[in-house]
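Let me begin by presenting the structure, written as structure tokens, before commenting on it.
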Amino acid sequence: MEPIAELRAVVMRPDLVRLGRYDERRVRQRLRDTFSELHTSVVLAGGAFAGSVTMRPSPSGGQWIEHFYLAPEHQGRGLGTCVLRALLDRADAAGETVRLDVVQGSAARRLYERHGFTLESEDPIDVFMVRTPRGGTGAPQDGSARP
């Protein structure tokens, strides 16, 4: 869990500083307080730790994605798209709605929008997004073609 907490601190720092919310201790503790080993997957690239993502049952039904972090050197190369597509394919197969939140102004919001997430609600810090299950066409929701 500690490598993920450290990665969270690195990845979240620019957005949290921009929002005036960065706290060196709290940024790690929030992950520790909500970490679910059962529902967390480690992302590997070339056999090395590249990130993590948690997809857990949501109290309101469906699934909740959280703690989706990729090391900066792995961002912008399609790895996040690949991971998110796999999670959403699983949710679609089960007919489940998926929710998540992203901090205001985060570049990650564009990734989620490309995959069919829409605004559910927002506050000055967080944007809450939802994606309903897609029917059995097998077509990716970001408009790209599958190999």
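If you're wondering about the labels, chains in the structure tokens are A, B, ... by order shown, residues count from 1 in each chain, ligands from 1 in order shown.
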Ala86 in chain A: which residues within 12 Å, counting only C-alpha atoms, same-chain residues fewer than 3 positions away excluded, as an mmCIF file with N, CA, C and O atoms, in the first residue's frame?
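Output contents, as saved in around.cif:
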```cif
data_model
loop_
_atom_site.group_PDB
_atom_site.id
_atom_site.type_symbol
_atom_site.label_atom_id
_atom_site.label_comp_id
_atom_site.auth_asym_id
_atom_site.auth_seq_id
_atom_site.Cartn_x
_atom_site.Cartn_y
_atom_site.Cartn_z
ATOM 1 N N SER A 41 -6.103 -3.175 -8.070
ATOM 2 C CA SER A 41 -5.199 -3.821 -9.021
ATOM 3 C C SER A 41 -3.956 -2.957 -9.173
ATOM 4 O O SER A 41 -4.054 -1.724 -9.249
ATOM 5 N N VAL A 43 -0.950 -1.805 -11.546
ATOM 6 C CA VAL A 43 -0.683 -1.676 -12.973
ATOM 7 C C VAL A 43 0.822 -1.830 -13.177
ATOM 8 O O VAL A 43 1.609 -1.134 -12.540
ATOM 9 N N VAL A 53 -5.260 0.981 -9.526
ATOM 10 C CA VAL A 53 -6.648 1.390 -9.673
ATOM 11 C C VAL A 53 -7.499 0.499 -8.784
ATOM 12 O O VAL A 53 -7.211 -0.680 -8.616
ATOM 13 N N MET A 55 -11.510 -0.670 -8.203
ATOM 14 C CA MET A 55 -12.902 -0.673 -8.635
ATOM 15 C C MET A 55 -13.646 -1.539 -7.638
ATOM 16 O O MET A 55 -13.427 -2.740 -7.563
ATOM 17 N N LEU A 79 -1.654 3.828 -21.644
ATOM 18 C CA LEU A 79 -1.792 2.830 -20.586
ATOM 19 C C LEU A 79 -3.076 3.060 -19.780
ATOM 20 O O LEU A 79 -3.814 2.117 -19.496
ATOM 21 N N GLY A 80 -3.367 4.310 -19.428
ATOM 22 C CA GLY A 80 -4.586 4.613 -18.684
ATOM 23 C C GLY A 80 -5.832 4.229 -19.468
ATOM 24 O O GLY A 80 -6.787 3.682 -18.915
ATOM 25 N N THR A 81 -5.817 4.477 -20.768
ATOM 26 C CA THR A 81 -6.934 4.087 -21.627
ATOM 27 C C THR A 81 -7.121 2.582 -21.614
ATOM 28 O O THR A 81 -8.244 2.086 -21.503
ATOM 29 N N CYS A 82 -6.036 1.846 -21.715
ATOM 30 C CA CYS A 82 -6.097 0.383 -21.718
ATOM 31 C C CYS A 82 -6.677 -0.139 -20.400
ATOM 32 O O CYS A 82 -7.549 -1.008 -20.401
ATOM 33 N N VAL A 83 -6.213 0.386 -19.290
ATOM 34 C CA VAL A 83 -6.691 -0.043 -17.977
ATOM 35 C C VAL A 83 -8.166 0.313 -17.809
ATOM 36 O O VAL A 83 -8.975 -0.528 -17.406
ATOM 37 N N ASP A 89 -15.184 -2.595 -19.673
ATOM 38 C CA ASP A 89 -15.674 -3.798 -20.357
ATOM 39 C C ASP A 89 -16.271 -4.767 -19.342
ATOM 40 O O ASP A 89 -17.318 -5.366 -19.574
ATOM 41 N N ARG A 90 -15.593 -4.907 -18.208
ATOM 42 C CA ARG A 90 -16.083 -5.787 -17.141
ATOM 43 C C ARG A 90 -17.417 -5.284 -16.588
ATOM 44 O O ARG A 90 -18.352 -6.056 -16.390
ATOM 45 N N ALA A 91 -17.511 -3.979 -16.358
ATOM 46 C CA ALA A 91 -18.754 -3.403 -15.842
ATOM 47 C C ALA A 91 -19.875 -3.535 -16.873
ATOM 48 O O ALA A 91 -21.012 -3.862 -16.516
ATOM 49 N N ASP A 92 -19.561 -3.299 -18.134
ATOM 50 C CA ASP A 92 -20.570 -3.430 -19.187
ATOM 51 C C ASP A 92 -21.094 -4.857 -19.261
ATOM 52 O O ASP A 92 -22.301 -5.078 -19.396
ATOM 53 N N ALA A 93 -20.204 -5.826 -19.178
ATOM 54 C CA ALA A 93 -20.610 -7.236 -19.244
ATOM 55 C C ALA A 93 -21.556 -7.581 -18.098
ATOM 56 O O ALA A 93 -22.449 -8.420 -18.250
ATOM 57 N N HIS A 115 -14.506 8.086 -22.509
ATOM 58 C CA HIS A 115 -15.031 6.743 -22.261
ATOM 59 C C HIS A 115 -16.490 6.757 -21.819
ATOM 60 O O HIS A 115 -16.991 5.768 -21.287
ATOM 61 N N GLY A 138 -19.620 -4.223 -28.376
ATOM 62 C CA GLY A 138 -18.178 -4.463 -28.291
ATOM 63 C C GLY A 138 -17.368 -3.273 -28.752
ATOM 64 O O GLY A 138 -16.160 -3.308 -28.750
ATOM 65 N N PRO A 140 -15.523 0.219 -28.528
ATOM 66 C CA PRO A 140 -14.995 1.037 -27.438
ATOM 67 C C PRO A 140 -15.752 2.358 -27.362
ATOM 68 O O PRO A 140 -16.246 2.853 -28.365
ATOM 69 N N GLN A 141 -15.835 2.908 -26.157
ATOM 70 C CA GLN A 141 -16.607 4.126 -25.949
ATOM 71 C C GLN A 141 -15.807 5.380 -26.234
ATOM 72 O O GLN A 141 -16.340 6.468 -26.181
#
```
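The spacing separating CA of Arg56 in chain A from CA of Gly135 in chain A amounts to 21.3 Å.
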**Study point:** Atom-to-atom span, CA of Pro133 in chain A and CA of Leu84 in chain A, Å
**Key:**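 Pair CA of Pro133 in chain A / CA of Leu84 in chain A returns 13.7 Å.
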Point to revise | Residues near Val98 in chain A, cut-off 12 Å, only C-alpha atoms, skip fewer than 2 positions along chain, as a PyMOL selection string | key: chain A and resi 54-66+84+87-92+94-96+100-101+112+115-118+120+128-134
